[in-house]
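K.L.:
Take a look at work17.cif, mmCIF, C-alpha atoms:
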data_target
#
loop_
_atom_site.label_atom_id
_atom_site.label_comp_id
_atom_site.auth_asym_id
_atom_site.auth_seq_id
_atom_site.Cartn_x
_atom_site.Cartn_y
_atom_site.Cartn_z
CA MET A 1 1.79 24.11 11.39
CA PHE A 2 4.35 22.28 9.26
CA LEU A 3 1.81 19.68 8.13
CA GLU A 4 -0.64 22.40 7.10
CA LYS A 5 2.02 24.15 5.03
CA LEU A 6 3.20 20.92 3.46
CA THR A 7 -0.24 19.58 2.50
CA GLY A 8 -2.26 22.77 2.10
CA VAL A 9 -4.95 21.29 4.38
CA ARG A 10 -6.15 23.78 7.00
CA LEU A 11 -8.16 22.47 9.92
CA SER A 12 -8.77 23.76 13.41
CA GLY A 13 -9.48 22.45 16.88
CA ALA A 14 -10.09 18.76 17.39
CA ASP A 15 -10.12 18.14 13.63
CA ARG A 16 -6.50 19.23 13.48
CA GLY A 17 -5.42 16.55 15.97
CA VAL A 18 -7.42 13.89 14.10
CA TRP A 19 -5.83 14.98 10.83
CA HIS A 20 -2.30 14.84 12.28
CA ARG A 21 -2.89 11.30 13.59
CA LEU A 22 -4.39 10.18 10.27
CA MET A 23 -1.46 11.58 8.30
CA ALA A 24 1.10 10.09 10.68
CA THR A 25 -0.44 6.63 10.52
CA ARG A 26 -0.87 6.88 6.75
CA PHE A 27 2.77 7.90 6.28
CA ILE A 28 3.95 5.06 8.52
CA ALA A 29 1.72 2.58 6.68
CA GLU A 30 2.86 3.76 3.24
CA THR A 31 6.53 3.72 4.28
CA GLY A 32 6.16 0.25 5.76
CA ASP A 33 4.31 -0.99 2.68
CA ALA A 34 7.08 0.16 0.34
CA ALA A 35 9.78 -1.06 2.71
CA GLY A 36 8.12 -4.44 3.14
CA PHE A 37 7.79 -5.06 -0.57
CA THR A 38 11.40 -3.99 -1.18
CA ALA A 39 12.67 -6.27 1.60
CA LEU A 40 10.50 -9.08 0.28
CA VAL A 41 11.95 -8.73 -3.23
CA LEU A 42 15.51 -8.70 -1.85
CA LEU A 43 14.90 -11.70 0.38
CA LEU A 44 13.10 -13.74 -2.27
CA SER A 45 15.70 -12.91 -4.92
CA ARG A 46 18.35 -14.32 -2.59
CA ALA A 47 16.32 -17.43 -1.73
CA ALA A 48 14.69 -18.23 -5.08
CA ASP A 49 16.26 -20.87 -7.30
CA SER A 50 15.77 -18.90 -10.51
CA ALA A 51 14.60 -15.61 -11.95
CA ALA A 52 11.51 -17.38 -13.24
CA GLU A 53 10.61 -18.56 -9.74
CA LEU A 54 11.11 -15.06 -8.32
CA SER A 55 9.05 -13.48 -11.11
CA THR A 56 6.25 -15.98 -10.62
CA MET A 57 6.09 -15.31 -6.89
CA LEU A 58 6.07 -11.52 -7.33
CA ALA A 59 3.48 -11.68 -10.11
CA ALA A 60 1.28 -13.86 -7.91
CA LEU A 61 1.44 -11.25 -5.15
CA VAL A 62 0.34 -8.54 -7.58
CA VAL A 63 -2.55 -10.69 -8.80
CA ILE A 64 -3.62 -11.49 -5.25
CA ASP A 65 -3.58 -7.79 -4.41
CA ALA A 66 -5.62 -6.93 -7.51
CA VAL A 67 -8.21 -9.59 -6.70
CA VAL A 68 -8.62 -9.01 -2.96
CA THR A 69 -8.47 -5.21 -2.74
CA PRO A 70 -12.03 -4.62 -4.03
CA LEU A 71 -13.31 -7.33 -1.69
CA CYS A 72 -11.36 -5.87 1.21
CA GLY A 73 -12.78 -2.45 0.39
CA SER A 74 -16.26 -3.80 0.94
CA VAL A 75 -15.17 -5.14 4.34
CA GLY A 76 -14.32 -1.56 5.35
CA ASP A 77 -17.78 -0.48 4.19
CA ARG A 78 -19.63 -3.17 6.13
CA PHE A 79 -17.72 -3.16 9.42
CA ASP A 80 -16.25 -0.56 11.73
CA ARG A 81 -13.33 0.93 9.81
CA GLN A 82 -11.16 1.41 12.86
CA HIS A 83 -11.52 -2.27 13.76
CA VAL A 84 -10.75 -3.25 10.15
CA MET A 85 -7.59 -1.12 10.20
CA LEU A 86 -6.52 -2.59 13.55
CA LEU A 87 -7.11 -6.13 12.25
CA SER A 88 -5.10 -5.26 9.15
CA CYS A 89 -2.20 -3.93 11.21
CA ALA A 90 -2.20 -6.88 13.60
CA GLY A 91 -2.32 -9.40 10.75
CA GLY A 92 0.37 -7.61 8.77
CA ALA A 93 2.64 -7.37 11.82
CA ALA A 94 2.22 -11.09 12.51
CA CYS A 95 2.93 -12.01 8.88
CA TYR A 96 6.07 -9.87 8.63
CA ALA A 97 7.34 -11.12 11.99
CA GLY A 98 6.75 -14.64 10.66
CA MET A 99 8.71 -13.78 7.50
CA PHE A 100 11.59 -12.64 9.69
CA PHE A 101 11.71 -16.03 11.39
CA ALA A 102 11.16 -17.98 8.14
CA ALA A 103 13.67 -15.94 6.12
CA GLY A 104 15.63 -19.00 5.02
CA THR A 105 12.65 -20.69 3.35
CA ALA A 106 11.50 -18.91 0.21
CA TRP A 107 8.13 -20.67 -0.04
CA MET A 108 7.26 -20.02 3.61
CA VAL A 109 8.12 -16.35 3.17
CA PHE A 110 6.02 -16.30 0.00
CA ALA A 111 3.04 -17.93 1.75
CA LEU A 112 3.21 -15.36 4.55
CA ALA A 113 3.53 -12.59 1.96
CA CYS A 114 0.32 -13.81 0.31
CA VAL A 115 -1.54 -13.67 3.64
CA SER A 116 0.00 -10.30 4.42
CA THR A 117 -1.20 -8.97 1.06
CA VAL A 118 -4.76 -9.68 2.14
CA PHE A 119 -4.26 -7.93 5.48
CA GLU A 120 -2.60 -4.94 3.80
CA SER A 121 -5.44 -4.71 1.29
CA LEU A 122 -7.84 -4.16 4.18
CA TYR A 123 -6.02 -1.10 5.50
CA PHE A 124 -5.93 1.46 2.70
CA PRO A 125 -9.60 1.28 1.58
CA ALA A 126 -10.77 1.48 5.21
CA SER A 127 -8.41 4.38 5.86
CA ASN A 128 -9.66 6.26 2.80
CA ALA A 129 -13.29 5.63 3.63
CA ALA A 130 -12.83 6.89 7.19
CA LEU A 131 -11.88 10.42 6.08
CA PRO A 132 -15.39 11.84 5.41
CA ARG A 133 -16.68 10.50 8.73
CA LEU A 134 -13.71 11.65 10.80
CA LEU A 135 -13.40 15.06 9.17
CA PRO A 136 -16.91 16.08 8.09
CA GLY A 137 -17.07 19.30 6.12
CA ALA A 138 -13.40 19.21 5.17
CA ASN A 139 -12.33 19.54 1.55
CA LEU A 140 -12.02 15.86 0.61
CA GLY A 141 -10.01 16.62 -2.51
CA SER A 142 -7.30 18.26 -0.41
CA LEU A 143 -7.37 15.43 2.13
CA PHE A 144 -6.96 12.72 -0.49
CA ALA A 145 -4.23 14.73 -2.22
CA ALA A 146 -2.40 14.91 1.11
CA PHE A 147 -2.81 11.14 1.51
CA ALA A 148 -1.26 10.76 -1.95
CA GLN A 149 1.65 12.95 -0.83
CA ALA A 150 2.14 10.69 2.18
CA GLY A 151 2.08 7.68 -0.15
CA THR A 152 4.72 9.19 -2.42
CA ALA A 153 6.96 10.18 0.46
CA GLY A 154 6.57 6.73 2.06
CA GLY A 155 7.23 5.07 -1.27
CA LEU A 156 10.53 6.90 -1.49
CA LEU A 157 11.58 6.54 2.13
CA GLY A 158 10.67 2.85 2.58
CA PRO A 159 13.13 1.39 0.05
CA ALA A 160 15.88 3.72 1.30
CA LEU A 161 15.35 2.46 4.84
CA VAL A 162 15.50 -1.14 3.61
CA ALA A 163 18.73 -0.43 1.75
CA GLY A 164 20.30 0.96 4.92
CA LEU A 165 19.06 -1.87 7.12
CA SER A 166 20.08 -4.50 4.58
CA LEU A 167 23.60 -3.16 4.37
CA ALA A 168 23.96 -2.63 8.10
CA ILE A 169 22.35 -5.72 9.63
CA GLY A 170 20.63 -7.77 6.93
CA VAL A 171 17.43 -7.76 4.92
CA GLU A 172 15.66 -10.01 7.44
CA TRP A 173 15.74 -7.15 9.94
CA ALA A 174 13.96 -4.93 7.43
CA LEU A 175 11.08 -7.43 7.57
CA LEU A 176 11.00 -7.12 11.35
CA ALA A 177 11.12 -3.32 11.06
CA ASN A 178 8.11 -3.51 8.76
CA ALA A 179 6.28 -5.60 11.35
CA LEU A 180 6.96 -2.74 13.76
CA SER A 181 5.54 -0.24 11.24
CA PHE A 182 2.25 -2.19 11.27
CA VAL A 183 2.18 -1.93 15.05
CA LEU A 184 2.85 1.82 14.92
CA ALA A 185 0.23 2.40 12.20
CA GLY A 186 -2.36 0.53 14.27
#
Turn this file's structure into structure tokens for me.
P.N.:
Amino acid sequence: MFLEKLTGVRLSGADRGVWHRLMATRFIAETGDAAGFTALVLLLSRAADSAAELSTMLAALVVIDAVVTPLCGSVGDRFDRQHVMLLSCAGGAACYAGMFFAAGTAWMVFALACVSTVFESLYFPASNAALPRLLPGANLGSLFAAFAQAGTAGGLLGPALVAGLSLAIGVEWALLANALSFVLAG
């Protein structure tokens, strides 16, 4: 009932359970995405030799994301979306776990972040495209607005979680926590 009040989306029966699972996984994915990028910036800023090196690495990640997302969207159109999302989550989890273990080497972390960007770019287009098939007849505008709400909430919560983890046990552990978020979202 809380989710319906929060998002304004009203569904019944089996559709309601599907919607709750979709929103939970989307919120976890969005929170992990924001947390992962925040942890990555903190870790790379500590390990980079200069601000120019850090800026170059972060700009490269943005460019990679901009280039691969349309291509990854077509992957979700051509293959089973659930399998694409599971592949994305498994690949992202492996990359962030690798970043945890390679935390002392900026360029290794950066290389894994580049690969993770590709895996992450598979998830969101496939997730969006799955909505009409999983919830036929539902008001798609309301569903996508609710997904945007989950993205905003995750975008706010993720960096706060990283701040707490970084202060308590170290930024590397935030990377491992993000790997866990990929597992939970899958």
K.L.:
Would you write out, as a list in words, every residue that the PyMOL selection byres ((chain A and resi 75-87) around 10) captures in this file?
P.N.:
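Selected by the PyMOL selection byres ((chain A and resi 75-87) around 10) here: Thr69, Pro70, Leu71, Cys72, Gly73, Ser74, Ser88, Cys89, Ala90, Gly91, Gly92, Ala93, Phe119, Glu120, Ser121, Leu122, Tyr123, Phe124, Pro125, Ala126, Ser127, Asn128, Ala129, Ala130, Phe182, Val183, Ala185 and Gly186 of chain A.
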K.L.:
Which one of A:Ala174, A:Ala29, A:Ala160, A:Cys95 sits closest to Met108 of chain A if you count all atoms listed in the file?
P.N.:
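Comparing A:Ala174, A:Ala29, A:Ala160, A:Cys95 against Met108 of chain A, the winner is A:Cys95.
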K.L.:
Can you tell me how far atom CA of Ala148 of chain A sits from atom CA of Met23 of chain A, in Å to one decimal?
P.N.:
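Rounded to one decimal, the two atoms are 10.3 Å apart.
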K.L.:
When you look at Gly154 of chain A with a cut-off of 6 Å (counting only C-alpha atoms), what residues show up, excluding the ones that are within fewer than 6 positions of it in the same chain? I need them as a list of chain:residue names.
P.N.:
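Returned residues: A:Phe27, A:Glu30, A:Thr31.
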K.L.:
Next, write the just-selected residues to a file, as a PDB file, in the coordinates of the input, keeping C-alpha atoms as the atom set.
P.N.:
ATOM      1  CA  PHE A  27       2.770   7.900   6.280  1.00  0.00           C
ATOM      2  CA  GLU A  30       2.860   3.760   3.240  1.00  0.00           C
ATOM      3  CA  THR A  31       6.530   3.720   4.280  1.00  0.00           C
TER       4      THR A  31
END
K.L.:
May I have the residues at most 7 Å from (4.6, -12.9, 4.7) in the file's coordinates, counting only C-alpha atoms, as a PyMOL selection string?
P.N.:
chain A and resi 95-96+98-99+109-116
K.L.:
List the residues selected by the PyMOL selection byres ((chain A and resi 45) around 12) in the file shown, writing them as a ChimeraX atom specification.
P.N.:
/A:37-44,46-58,103-107,109-110,171
K.L.:
Take the residues from that selection and put them in a file with C-alpha atoms, as a compact mmCIF listing (two decimals), keeping the file's coordinate frame.
P.N.:
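The resulting file, out_16.txt, is reproduced below:
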# COMPACT_ATOMS: atom_id res chain seq x y z
CA PHE A 37 7.79 -5.06 -0.57
CA THR A 38 11.40 -3.99 -1.18
CA ALA A 39 12.67 -6.27 1.60
CA LEU A 40 10.50 -9.08 0.28
CA VAL A 41 11.95 -8.73 -3.23
CA LEU A 42 15.51 -8.70 -1.85
CA LEU A 43 14.90 -11.70 0.38
CA LEU A 44 13.10 -13.74 -2.27
CA ARG A 46 18.35 -14.32 -2.59
CA ALA A 47 16.32 -17.43 -1.73
CA ALA A 48 14.69 -18.23 -5.08
CA ASP A 49 16.26 -20.87 -7.30
CA SER A 50 15.77 -18.90 -10.51
CA ALA A 51 14.60 -15.61 -11.95
CA ALA A 52 11.51 -17.38 -13.24
CA GLU A 53 10.61 -18.56 -9.74
CA LEU A 54 11.11 -15.06 -8.32
CA SER A 55 9.05 -13.48 -11.11
CA THR A 56 6.25 -15.98 -10.62
CA MET A 57 6.09 -15.31 -6.89
CA LEU A 58 6.07 -11.52 -7.33
CA ALA A 103 13.67 -15.94 6.12
CA GLY A 104 15.63 -19.00 5.02
CA THR A 105 12.65 -20.69 3.35
CA ALA A 106 11.50 -18.91 0.21
CA TRP A 107 8.13 -20.67 -0.04
CA VAL A 109 8.12 -16.35 3.17
CA PHE A 110 6.02 -16.30 0.00
CA VAL A 171 17.43 -7.76 4.92
K.L.:
In Å, rounded to a single decimal, give me how far atom CA of Arg133 of chain A is from atom CA of Gly151 of chain A.
P.N.:
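Separation of atom CA of Gly151 of chain A and atom CA of Arg133 of chain A: 20.9 Å.
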K.L.:
Grab the atom CA of Arg26 of chain A to atom CA of Ile169 of chain A distance for me, in Å with one decimal place.
P.N.:
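Computing the Euclidean distance for atom CA of Arg26 of chain A and atom CA of Ile169 of chain A yields 26.6 Å.
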K.L.:
N, CA, C and O atoms are needed for segment 40-52 of chain A; please write them out as a PDB file, in the frame of the given file.
P.N.:
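The resulting file, out-v2.pdb, is shown below:
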ATOM      1  N   LEU A  40      10.991  -7.806   0.780  1.00  0.00           N
ATOM      2  CA  LEU A  40      10.500  -9.080   0.280  1.00  0.00           C
ATOM      3  C   LEU A  40      11.171  -9.447  -1.048  1.00  0.00           C
ATOM      4  O   LEU A  40      11.612 -10.586  -1.238  1.00  0.00           O
ATOM      5  N   VAL A  41      11.283  -8.482  -1.943  1.00  0.00           N
ATOM      6  CA  VAL A  41      11.950  -8.730  -3.230  1.00  0.00           C
ATOM      7  C   VAL A  41      13.410  -9.117  -2.998  1.00  0.00           C
ATOM      8  O   VAL A  41      13.909 -10.077  -3.597  1.00  0.00           O
ATOM      9  N   LEU A  42      14.099  -8.390  -2.124  1.00  0.00           N
ATOM     10  CA  LEU A  42      15.510  -8.700  -1.850  1.00  0.00           C
ATOM     11  C   LEU A  42      15.669 -10.092  -1.243  1.00  0.00           C
ATOM     12  O   LEU A  42      16.549 -10.861  -1.646  1.00  0.00           O
ATOM     13  N   LEU A  43      14.814 -10.404  -0.292  1.00  0.00           N
ATOM     14  CA  LEU A  43      14.900 -11.700   0.380  1.00  0.00           C
ATOM     15  C   LEU A  43      14.568 -12.837  -0.586  1.00  0.00           C
ATOM     16  O   LEU A  43      15.285 -13.837  -0.650  1.00  0.00           O
ATOM     17  N   LEU A  44      13.484 -12.678  -1.344  1.00  0.00           N
ATOM     18  CA  LEU A  44      13.100 -13.740  -2.270  1.00  0.00           C
ATOM     19  C   LEU A  44      14.106 -13.895  -3.412  1.00  0.00           C
ATOM     20  O   LEU A  44      14.337 -15.009  -3.882  1.00  0.00           O
ATOM     21  N   SER A  45      14.703 -12.795  -3.846  1.00  0.00           N
ATOM     22  CA  SER A  45      15.700 -12.910  -4.920  1.00  0.00           C
ATOM     23  C   SER A  45      16.928 -13.683  -4.443  1.00  0.00           C
ATOM     24  O   SER A  45      17.572 -14.384  -5.215  1.00  0.00           O
ATOM     25  N   ARG A  46      17.226 -13.576  -3.163  1.00  0.00           N
ATOM     26  CA  ARG A  46      18.350 -14.320  -2.590  1.00  0.00           C
ATOM     27  C   ARG A  46      17.992 -15.797  -2.401  1.00  0.00           C
ATOM     28  O   ARG A  46      18.827 -16.679  -2.563  1.00  0.00           O
ATOM     29  N   ALA A  47      16.725 -16.058  -2.061  1.00  0.00           N
ATOM     30  CA  ALA A  47      16.320 -17.430  -1.730  1.00  0.00           C
ATOM     31  C   ALA A  47      15.763 -18.219  -2.912  1.00  0.00           C
ATOM     32  O   ALA A  47      15.738 -19.447  -2.871  1.00  0.00           O
ATOM     33  N   ALA A  48      15.300 -17.531  -3.949  1.00  0.00           N
ATOM     34  CA  ALA A  48      14.690 -18.230  -5.080  1.00  0.00           C
ATOM     35  C   ALA A  48      15.753 -18.968  -5.894  1.00  0.00           C
ATOM     36  O   ALA A  48      16.905 -18.537  -5.975  1.00  0.00           O
ATOM     37  N   ASP A  49      15.335 -20.068  -6.512  1.00  0.00           N
ATOM     38  CA  ASP A  49      16.260 -20.870  -7.300  1.00  0.00           C
ATOM     39  C   ASP A  49      16.519 -20.290  -8.682  1.00  0.00           C
ATOM     40  O   ASP A  49      17.521 -20.611  -9.312  1.00  0.00           O
ATOM     41  N   SER A  50      15.597 -19.465  -9.175  1.00  0.00           N
ATOM     42  CA  SER A  50      15.770 -18.900 -10.510  1.00  0.00           C
ATOM     43  C   SER A  50      15.006 -17.583 -10.630  1.00  0.00           C
ATOM     44  O   SER A  50      14.138 -17.274  -9.802  1.00  0.00           O
ATOM     45  N   ALA A  51      15.330 -16.845 -11.684  1.00  0.00           N
ATOM     46  CA  ALA A  51      14.600 -15.610 -11.950  1.00  0.00           C
ATOM     47  C   ALA A  51      13.148 -15.895 -12.267  1.00  0.00           C
ATOM     48  O   ALA A  51      12.260 -15.120 -11.903  1.00  0.00           O
ATOM     49  N   ALA A  52      12.887 -17.011 -12.917  1.00  0.00           N
ATOM     50  CA  ALA A  52      11.510 -17.380 -13.240  1.00  0.00           C
ATOM     51  C   ALA A  52      10.698 -17.639 -11.969  1.00  0.00           C
ATOM     52  O   ALA A  52       9.536 -17.225 -11.862  1.00  0.00           O
TER      53      ALA A  52
END
